[in-house]
>>> print(open('target36.pdb').read())   # PDB, C-alpha atoms, pLDDT in the B column
ATOM      1  CA  MET A   1       0.000   0.000   0.000  1.00 58.00           C
ATOM      2  CA  ASN A   2       1.354   3.357  -0.887  1.00 60.00           C
ATOM      3  CA  LYS A   3       1.622   6.300   1.419  1.00 61.00           C
ATOM      4  CA  ARG A   4      -1.322   8.102  -0.137  1.00 61.00           C
ATOM      5  CA  SER A   5      -3.677   5.120   0.323  1.00 61.00           C
ATOM      6  CA  ILE A   6      -2.627   4.818   3.943  1.00 64.00           C
ATOM      7  CA  LEU A   7      -3.365   8.529   4.553  1.00 57.00           C
ATOM      8  CA  ILE A   8      -6.796   8.251   2.887  1.00 66.00           C
ATOM      9  CA  THR A   9      -7.629   5.118   4.897  1.00 66.00           C
ATOM     10  CA  LEU A  10      -6.517   6.836   8.122  1.00 60.00           C
ATOM     11  CA  ALA A  11      -8.541   9.949   7.281  1.00 60.00           C
ATOM     12  CA  VAL A  12     -11.672   7.828   6.649  1.00 59.00           C
ATOM     13  CA  LEU A  13     -11.131   5.935   9.934  1.00 59.00           C
ATOM     14  CA  VAL A  14     -10.677   9.198  11.851  1.00 54.00           C
ATOM     15  CA  LEU A  15     -13.831  10.608  10.265  1.00 52.00           C
ATOM     16  CA  ILE A  16     -15.790   7.458  11.201  1.00 56.00           C
ATOM     17  CA  ALA A  17     -14.403   7.560  14.755  1.00 52.00           C
ATOM     18  CA  VAL A  18     -15.321  11.248  15.176  1.00 47.00           C
ATOM     19  CA  THR A  19     -18.822  10.602  13.834  1.00 50.00           C
ATOM     20  CA  LEU A  20     -19.350   7.693  16.217  1.00 48.00           C
ATOM     21  CA  ALA A  21     -17.932   9.640  19.177  1.00 49.00           C
ATOM     22  CA  CYS A  22     -20.250  12.606  18.633  1.00 49.00           C
ATOM     23  CA  GLY A  23     -23.390  10.521  18.275  1.00 47.00           C
ATOM     24  CA  GLU A  24     -26.020  10.648  15.628  1.00 42.00           C
ATOM     25  CA  SER A  25     -27.562  13.979  14.715  1.00 35.00           C
ATOM     26  CA  THR A  26     -30.721  14.577  12.777  1.00 30.00           C
ATOM     27  CA  PRO A  27     -30.622  17.746  10.764  1.00 28.00           C
ATOM     28  CA  GLU A  28     -33.412  20.291  11.112  1.00 34.00           C
ATOM     29  CA  VAL A  29     -35.114  20.912   7.824  1.00 30.00           C
ATOM     30  CA  ARG A  30     -37.043  24.143   7.430  1.00 33.00           C
ATOM     31  CA  THR A  31     -39.298  24.444   4.474  1.00 34.00           C
ATOM     32  CA  PRO A  32     -40.486  27.956   3.648  1.00 41.00           C
ATOM     33  CA  GLY A  33     -44.147  28.375   4.518  1.00 51.00           C
ATOM     34  CA  PHE A  34     -44.265  25.425   6.934  1.00 47.00           C
ATOM     35  CA  ALA A  35     -43.954  25.651  10.695  1.00 51.00           C
ATOM     36  CA  THR A  36     -41.237  23.540  12.280  1.00 50.00           C
ATOM     37  CA  GLU A  37     -42.937  23.544  15.685  1.00 56.00           C
ATOM     38  CA  ARG A  38     -45.741  21.310  16.833  1.00 54.00           C
ATOM     39  CA  PRO A  39     -49.174  22.743  16.156  1.00 56.00           C
ATOM     40  CA  ALA A  40     -50.872  24.384  19.145  1.00 56.00           C
ATOM     41  CA  PRO A  41     -53.453  22.225  20.905  1.00 55.00           C
ATOM     42  CA  THR A  42     -57.010  22.757  19.793  1.00 55.00           C
ATOM     43  CA  PRO A  43     -58.675  25.112  22.285  1.00 54.00           C
ATOM     44  CA  THR A  44     -61.604  23.683  24.164  1.00 57.00           C
ATOM     45  CA  THR A  45     -64.651  25.671  25.136  1.00 63.00           C
ATOM     46  CA  ALA A  46     -64.622  26.651  28.796  1.00 65.00           C
ATOM     47  CA  PRO A  47     -67.645  25.543  30.814  1.00 78.00           C
ATOM     48  CA  LEU A  48     -70.512  28.016  30.834  1.00 82.00           C
ATOM     49  CA  GLY A  49     -69.869  30.790  33.369  1.00 87.00           C
ATOM     50  CA  SER A  50     -66.197  29.958  33.891  1.00 85.00           C
ATOM     51  CA  SER A  51     -64.693  32.583  31.601  1.00 91.00           C
ATOM     52  CA  ARG A  52     -65.298  36.070  30.257  1.00 92.00           C
ATOM     53  CA  SER A  53     -65.627  34.679  26.746  1.00 92.00           C
ATOM     54  CA  ASN A  54     -68.263  32.146  27.842  1.00 92.00           C
ATOM     55  CA  PRO A  55     -70.336  33.788  30.598  1.00 94.00           C
ATOM     56  CA  ALA A  56     -73.531  32.323  31.993  1.00 93.00           C
ATOM     57  CA  PRO A  57     -76.466  33.828  30.067  1.00 94.00           C
ATOM     58  CA  ALA A  58     -78.339  36.756  31.603  1.00 92.00           C
ATOM     59  CA  GLY A  59     -80.880  35.556  34.156  1.00 90.00           C
ATOM     60  CA  SER A  60     -79.319  32.134  34.687  1.00 93.00           C
ATOM     61  CA  GLU A  61     -78.095  30.814  38.040  1.00 93.00           C
ATOM     62  CA  VAL A  62     -74.471  29.917  38.702  1.00 93.00           C
ATOM     63  CA  ILE A  63     -73.268  27.869  41.668  1.00 91.00           C
ATOM     64  CA  ILE A  64     -69.821  28.573  43.106  1.00 89.00           C
ATOM     65  CA  SER A  65     -68.568  27.227  46.411  1.00 84.00           C
ATOM     66  CA  ASP A  66     -71.510  27.451  48.815  1.00 90.00           C
ATOM     67  CA  ILE A  67     -73.658  30.011  46.993  1.00 92.00           C
ATOM     68  CA  THR A  68     -75.919  30.323  43.968  1.00 94.00           C
ATOM     69  CA  ILE A  69     -75.810  33.689  42.150  1.00 95.00           C
ATOM     70  CA  LYS A  70     -78.306  35.135  39.695  1.00 95.00           C
ATOM     71  CA  VAL A  71     -78.251  38.563  38.071  1.00 96.00           C
ATOM     72  CA  GLY A  72     -81.606  40.218  38.594  1.00 95.00           C
ATOM     73  CA  GLU A  73     -82.688  43.724  37.669  1.00 95.00           C
ATOM     74  CA  VAL A  74     -80.299  45.916  35.680  1.00 97.00           C
ATOM     75  CA  THR A  75     -80.853  49.687  35.542  1.00 97.00           C
ATOM     76  CA  ARG A  76     -78.972  51.582  32.861  1.00 97.00           C
ATOM     77  CA  PRO A  77     -78.354  54.431  33.083  1.00 97.00           C
ATOM     78  CA  ALA A  78     -78.634  54.723  36.849  1.00 97.00           C
ATOM     79  CA  ASP A  79     -77.373  58.320  37.013  1.00 97.00           C
ATOM     80  CA  ASP A  80     -80.730  59.635  38.289  1.00 97.00           C
ATOM     81  CA  ILE A  81     -80.927  56.963  41.020  1.00 96.00           C
ATOM     82  CA  VAL A  82     -77.447  57.897  42.269  1.00 97.00           C
ATOM     83  CA  ALA A  83     -78.168  61.647  42.127  1.00 96.00           C
ATOM     84  CA  ALA A  84     -81.495  61.216  43.966  1.00 96.00           C
ATOM     85  CA  GLY A  85     -79.826  59.136  46.692  1.00 95.00           C
ATOM     86  CA  ASN A  86     -77.714  61.995  47.997  1.00 95.00           C
ATOM     87  CA  MET A  87     -76.681  65.353  46.589  1.00 93.00           C
ATOM     88  CA  PHE A  88     -73.070  64.566  47.548  1.00 94.00           C
ATOM     89  CA  ASN A  89     -72.895  61.401  45.414  1.00 95.00           C
ATOM     90  CA  SER A  90     -70.549  62.190  42.545  1.00 95.00           C
ATOM     91  CA  ALA A  91     -71.732  62.288  38.940  1.00 95.00           C
ATOM     92  CA  PRO A  92     -70.070  59.933  36.426  1.00 97.00           C
ATOM     93  CA  GLU A  93     -67.152  61.232  34.382  1.00 96.00           C
ATOM     94  CA  PRO A  94     -68.061  62.849  31.028  1.00 97.00           C
ATOM     95  CA  GLY A  95     -68.809  60.121  28.469  1.00 97.00           C
ATOM     96  CA  ASN A  96     -69.566  57.599  31.232  1.00 97.00           C
ATOM     97  CA  GLU A  97     -72.751  56.473  32.957  1.00 97.00           C
ATOM     98  CA  TYR A  98     -73.735  54.537  36.039  1.00 98.00           C
ATOM     99  CA  ILE A  99     -75.284  51.103  35.827  1.00 98.00           C
ATOM    100  CA  MET A 100     -76.976  49.402  38.766  1.00 97.00           C
ATOM    101  CA  VAL A 101     -76.782  45.591  38.804  1.00 97.00           C
ATOM    102  CA  THR A 102     -78.871  43.662  41.337  1.00 96.00           C
ATOM    103  CA  VAL A 103     -78.025  40.087  42.287  1.00 96.00           C
ATOM    104  CA  SER A 104     -79.880  37.418  44.233  1.00 96.00           C
ATOM    105  CA  VAL A 105     -77.666  35.053  46.182  1.00 95.00           C
ATOM    106  CA  VAL A 106     -78.722  31.812  47.908  1.00 96.00           C
ATOM    107  CA  CYS A 107     -76.570  30.398  50.722  1.00 96.00           C
ATOM    108  CA  ASN A 108     -76.274  26.659  50.034  1.00 96.00           C
ATOM    109  CA  LYS A 109     -74.913  25.799  53.494  1.00 96.00           C
ATOM    110  CA  SER A 110     -76.784  24.148  56.362  1.00 96.00           C
ATOM    111  CA  SER A 111     -79.292  26.289  58.283  1.00 96.00           C
ATOM    112  CA  ASP A 112     -76.760  26.720  61.120  1.00 96.00           C
ATOM    113  CA  ALA A 113     -73.921  27.988  58.891  1.00 96.00           C
ATOM    114  CA  THR A 114     -73.646  31.400  57.262  1.00 94.00           C
ATOM    115  CA  CYS A 115     -72.499  32.893  53.975  1.00 92.00           C
ATOM    116  CA  GLN A 116     -71.112  36.405  53.491  1.00 89.00           C
ATOM    117  CA  LEU A 117     -71.483  38.837  50.622  1.00 89.00           C
ATOM    118  CA  SER A 118     -70.213  42.323  49.782  1.00 88.00           C
ATOM    119  CA  CYS A 119     -70.027  44.508  46.699  1.00 89.00           C
ATOM    120  CA  LEU A 120     -66.244  44.023  46.949  1.00 89.00           C
ATOM    121  CA  ASP A 121     -66.820  40.450  45.724  1.00 92.00           C
ATOM    122  CA  PHE A 122     -67.986  41.736  42.327  1.00 94.00           C
ATOM    123  CA  LYS A 123     -66.401  43.479  39.340  1.00 96.00           C
ATOM    124  CA  LEU A 124     -67.815  44.366  35.932  1.00 98.00           C
ATOM    125  CA  THR A 125     -66.199  44.214  32.510  1.00 97.00           C
ATOM    126  CA  GLY A 126     -67.427  44.836  28.997  1.00 96.00           C
ATOM    127  CA  SER A 127     -66.472  45.556  25.417  1.00 95.00           C
ATOM    128  CA  SER A 128     -63.851  48.120  26.495  1.00 93.00           C
ATOM    129  CA  GLY A 129     -61.906  45.362  28.253  1.00 94.00           C
ATOM    130  CA  SER A 130     -61.590  47.489  31.395  1.00 95.00           C
ATOM    131  CA  ILE A 131     -62.463  46.000  34.770  1.00 96.00           C
ATOM    132  CA  HIS A 132     -64.751  48.212  36.840  1.00 96.00           C
ATOM    133  CA  ASP A 133     -64.972  48.009  40.632  1.00 95.00           C
ATOM    134  CA  ALA A 134     -68.283  48.683  42.326  1.00 95.00           C
ATOM    135  CA  GLU A 135     -68.614  52.335  43.328  1.00 94.00           C
ATOM    136  CA  MET A 136     -67.933  52.788  47.020  1.00 88.00           C
ATOM    137  CA  MET A 137     -69.676  55.150  49.414  1.00 84.00           C
ATOM    138  CA  MET A 138     -72.822  55.710  47.381  1.00 90.00           C
ATOM    139  CA  THR A 139     -75.178  56.990  50.063  1.00 91.00           C
ATOM    140  CA  GLY A 140     -78.935  57.118  50.048  1.00 94.00           C
ATOM    141  CA  VAL A 141     -79.379  54.540  47.292  1.00 94.00           C
ATOM    142  CA  ALA A 142     -81.717  51.868  48.618  1.00 93.00           C
ATOM    143  CA  GLY A 143     -80.937  48.158  48.339  1.00 92.00           C
ATOM    144  CA  LEU A 144     -77.181  48.268  47.781  1.00 92.00           C
ATOM    145  CA  LEU A 145     -74.879  45.549  49.073  1.00 89.00           C
ATOM    146  CA  PRO A 146     -72.569  46.740  51.867  1.00 86.00           C
ATOM    147  CA  ASP A 147     -69.370  48.478  50.798  1.00 78.00           C
ATOM    148  CA  LEU A 148     -66.733  47.499  53.331  1.00 70.00           C
ATOM    149  CA  ASP A 149     -68.672  45.112  55.589  1.00 76.00           C
ATOM    150  CA  HIS A 150     -70.078  41.810  54.470  1.00 83.00           C
ATOM    151  CA  ARG A 151     -73.749  40.962  54.635  1.00 88.00           C
ATOM    152  CA  GLU A 152     -74.064  37.717  56.574  1.00 92.00           C
ATOM    153  CA  PHE A 153     -77.011  35.357  56.023  1.00 94.00           C
ATOM    154  CA  PHE A 154     -77.865  31.804  57.060  1.00 96.00           C
ATOM    155  CA  GLY A 155     -77.919  28.700  54.901  1.00 96.00           C
ATOM    156  CA  GLY A 156     -81.101  28.164  52.952  1.00 96.00           C
ATOM    157  CA  SER A 157     -81.875  31.875  52.802  1.00 96.00           C
ATOM    158  CA  THR A 158     -81.540  34.361  49.939  1.00 96.00           C
ATOM    159  CA  THR A 159     -80.145  37.866  50.030  1.00 93.00           C
ATOM    160  CA  THR A 160     -80.586  40.457  47.304  1.00 94.00           C
ATOM    161  CA  GLY A 161     -78.580  43.603  46.748  1.00 93.00           C
ATOM    162  CA  GLY A 162     -77.364  45.983  44.119  1.00 95.00           C
ATOM    163  CA  MET A 163     -74.079  47.489  43.051  1.00 96.00           C
ATOM    164  CA  ILE A 164     -73.325  50.666  41.137  1.00 97.00           C
ATOM    165  CA  PHE A 165     -70.640  50.583  38.441  1.00 97.00           C
ATOM    166  CA  GLU A 166     -69.370  53.394  36.226  1.00 97.00           C
ATOM    167  CA  VAL A 167     -69.007  52.333  32.593  1.00 97.00           C
ATOM    168  CA  VAL A 168     -68.487  54.018  29.230  1.00 96.00           C
ATOM    169  CA  GLN A 169     -71.763  55.115  27.657  1.00 96.00           C
ATOM    170  CA  GLY A 170     -72.814  52.523  25.111  1.00 93.00           C
ATOM    171  CA  GLU A 171     -70.379  49.878  26.381  1.00 96.00           C
ATOM    172  CA  THR A 172     -71.689  46.439  25.414  1.00 96.00           C
ATOM    173  CA  ASP A 173     -71.148  42.800  26.384  1.00 96.00           C
ATOM    174  CA  LEU A 174     -71.248  43.580  30.095  1.00 97.00           C
ATOM    175  CA  VAL A 175     -70.202  40.650  32.285  1.00 97.00           C
ATOM    176  CA  LEU A 176     -70.347  40.516  36.074  1.00 97.00           C
ATOM    177  CA  ILE A 177     -67.370  38.770  37.711  1.00 96.00           C
ATOM    178  CA  TYR A 178     -67.789  37.214  41.148  1.00 94.00           C
ATOM    179  CA  LYS A 179     -64.725  36.298  43.224  1.00 90.00           C
ATOM    180  CA  PRO A 180     -64.891  36.399  47.034  1.00 84.00           C
ATOM    181  CA  TRP A 181     -62.276  38.946  48.090  1.00 75.00           C
ATOM    182  CA  LEU A 182     -62.005  37.605  51.654  1.00 66.00           C
ATOM    183  CA  ASP A 183     -61.257  34.053  50.527  1.00 65.00           C
ATOM    184  CA  ILE A 184     -57.665  34.414  49.345  1.00 60.00           C
ATOM    185  CA  LEU A 185     -57.214  30.644  49.077  1.00 63.00           C
ATOM    186  CA  ASP A 186     -60.130  30.222  46.677  1.00 63.00           C
ATOM    187  CA  VAL A 187     -59.041  31.163  43.163  1.00 64.00           C
ATOM    188  CA  SER A 188     -62.338  30.301  41.507  1.00 81.00           C
ATOM    189  CA  GLU A 189     -64.519  32.953  39.956  1.00 89.00           C
ATOM    190  CA  VAL A 190     -67.630  33.020  37.821  1.00 93.00           C
ATOM    191  CA  TYR A 191     -68.807  35.227  34.964  1.00 95.00           C
ATOM    192  CA  LEU A 192     -72.443  36.198  34.432  1.00 96.00           C
ATOM    193  CA  ALA A 193     -73.765  38.135  31.425  1.00 96.00           C
ATOM    194  CA  VAL A 194     -75.571  41.265  32.578  1.00 95.00           C
ATOM    195  CA  GLU A 195     -77.606  42.163  29.495  1.00 85.00           C
TER
END
>>> encode(input="target36.pdb", output="C-alpha cells")
Amino acid sequence: MNKRSILITLAVLVLIAVTLACGESTPEVRTPGFATERPAPTPTTAPLGSSRSNPAPAGSEVIISDITIKVGEVTRPADDIVAAGNMFNSAPEPGNEYIMVTVSVVCNKSSDATCQLSCLDFKLTGSSGSIHDAEMMMTGVAGLLPDLDHREFFGGSTTTGGMIFEVVQGETDLVLIYKPWLDILDVSEVYLAVE
C-alpha cells in the first residue's frame, strides 16, 4: 500500500471515529411556509360561566362554592338613582354612565352555617376590556350591598342587593365577575352576562 492510500484510509477511519464519538444527529429541515414547531393544541370551550368569553347567560343561576348567584334587575343608566340618593354622590365622568346591577344570592350551606357577601366580591367588565370596581360610598341609594362590611345570612336563605358601576356610555357585552375577596385561598370565579 502506498503512502497516499494509507493517509486516505486513516482519514476515513478518523472521520468514522469522530462521527461515532459525537453521536447521531438529525438535521433540522425548514421548508419555507411550513412551521417547524408542533401545532398548538385545539382550544376547548370553557364551561358556561367559567370565563369572560363564555359567561352564563343573563338571568341564569351559577353555583360557586356554597352560593348560587343570579343577576336580577339591571338599571342603565342609573345616574338619576345615584343623584337622587344623595346630593353629595358624585356624577359619572363625562362620556360615562352609572349602571346598577342587582343580584340574588342563595346560601347553600346548612341552616346553622352562614355565607357572606359584599359589593367588593364583584367586578364588571365589557367591550372596552376594562375591569370596573363597584362604586364605594354611594349613600342614600336603597338596596345596595354593603361596601366594606359583608352581609351575613344563614344557609337556605336568599339575600338580594345591588351594586353601582361606572361604565363608558354605550359599552356592550357587560359581564359581572364574582370572586370572594375575603377568601384568598379560593381562586375560583364566575362570569355572568348582565344584558
>>> residues_near_point(input="target36.pdb", point="(-68.9, 51.5, 35.8)", cutoff="9 Å", atoms="only C-alpha atoms", output="mmCIF file with C-alpha atoms, in the frame of the given file")
data_model
loop_
_atom_site.group_PDB
_atom_site.id
_atom_site.type_symbol
_atom_site.label_atom_id
_atom_site.label_comp_id
_atom_site.auth_asym_id
_atom_site.auth_seq_id
_atom_site.Cartn_x
_atom_site.Cartn_y
_atom_site.Cartn_z
ATOM 1 C CA PRO A 92 -70.070 59.933 36.426
ATOM 2 C CA ASN A 96 -69.566 57.599 31.232
ATOM 3 C CA GLU A 97 -72.751 56.473 32.957
ATOM 4 C CA TYR A 98 -73.735 54.537 36.039
ATOM 5 C CA ILE A 99 -75.284 51.103 35.827
ATOM 6 C CA MET A 100 -76.976 49.402 38.766
ATOM 7 C CA LEU A 124 -67.815 44.366 35.932
ATOM 8 C CA THR A 125 -66.199 44.214 32.510
ATOM 9 C CA ILE A 131 -62.463 46.000 34.770
ATOM 10 C CA HIS A 132 -64.751 48.212 36.840
ATOM 11 C CA ASP A 133 -64.972 48.009 40.632
ATOM 12 C CA ALA A 134 -68.283 48.683 42.326
ATOM 13 C CA GLU A 135 -68.614 52.335 43.328
ATOM 14 C CA ILE A 164 -73.325 50.666 41.137
ATOM 15 C CA PHE A 165 -70.640 50.583 38.441
ATOM 16 C CA GLU A 166 -69.370 53.394 36.226
ATOM 17 C CA VAL A 167 -69.007 52.333 32.593
ATOM 18 C CA VAL A 168 -68.487 54.018 29.230
#
>>> resolve_selection(input="target36.pdb", expression="the PyMOL selection byres ((chain A and resi 147-149) around 6)", output="ChimeraX atom specification")
/A:119,136,146,150
>>> resolve_selection(input="target36.pdb", expression="the PyMOL selection byres ((chain A and resi 139-142) around 7)", output="PyMOL selection string")
chain A and resi 81-82+85-86+89+137-138+143-144
>>> atom_distance(input="target36.pdb", atom1="atom CA of A:Arg151", atom2="atom CA of A:Val175")
22.6 Å
>>> closest_residue(input="target36.pdb", among="A:Gly162, A:Gly155, A:Pro77, A:Gly170", to="A:Ser128", atoms="only C-alpha atoms")
A:Gly170
>>> atom_distance(input="target36.pdb", atom1="atom CA of A:Lys179", atom2="atom CA of A:Thr75")
22.3 Å
>>> closest_residue(input="target36.pdb", among="A:Val74, A:Val62, A:Leu120, A:Ile177", to="A:Val106", atoms="only C-alpha atoms")
A:Val62
>>> resolve_selection(input="target36.pdb", expression="the PyMOL selection byres ((chain A and resi 172) around 9)", output="count of residues only")
9
>>> closest_residue(input="target36.pdb", among="A:Cys107, A:Val101, A:Asp79, A:Gly49", to="A:Glu61", atoms="only C-alpha atoms")
A:Gly49
>>> atom_distance(input="target36.pdb", atom1="atom CA of A:Val105", atom2="atom CA of A:Tyr178")
11.3 Å
>>> residues_near_point(input="target36.pdb", point="(-78.8, 36.1, 38.9)", cutoff="10 Å", atoms="all atoms listed in the file", output="list in words")
Ala56, Pro57, Ala58, Gly59, Ser60, Glu61, Val62, Thr68, Ile69, Lys70, Val71, Gly72, Glu73, Val101, Thr102, Val103, Ser104, Val105, Val106, Thr160, Leu176, Leu192, Ala193 and Val194 of chain A
>>> axis_aligned_box(input="target36.pdb", around="stretch 146-152 of chain A", padding_each_side="6 Å", output="JSON")
{"center_x": -70.4, "center_y": 43.1, "center_z": 53.7, "size_x": 19.3, "size_y": 22.8, "size_z": 17.8}
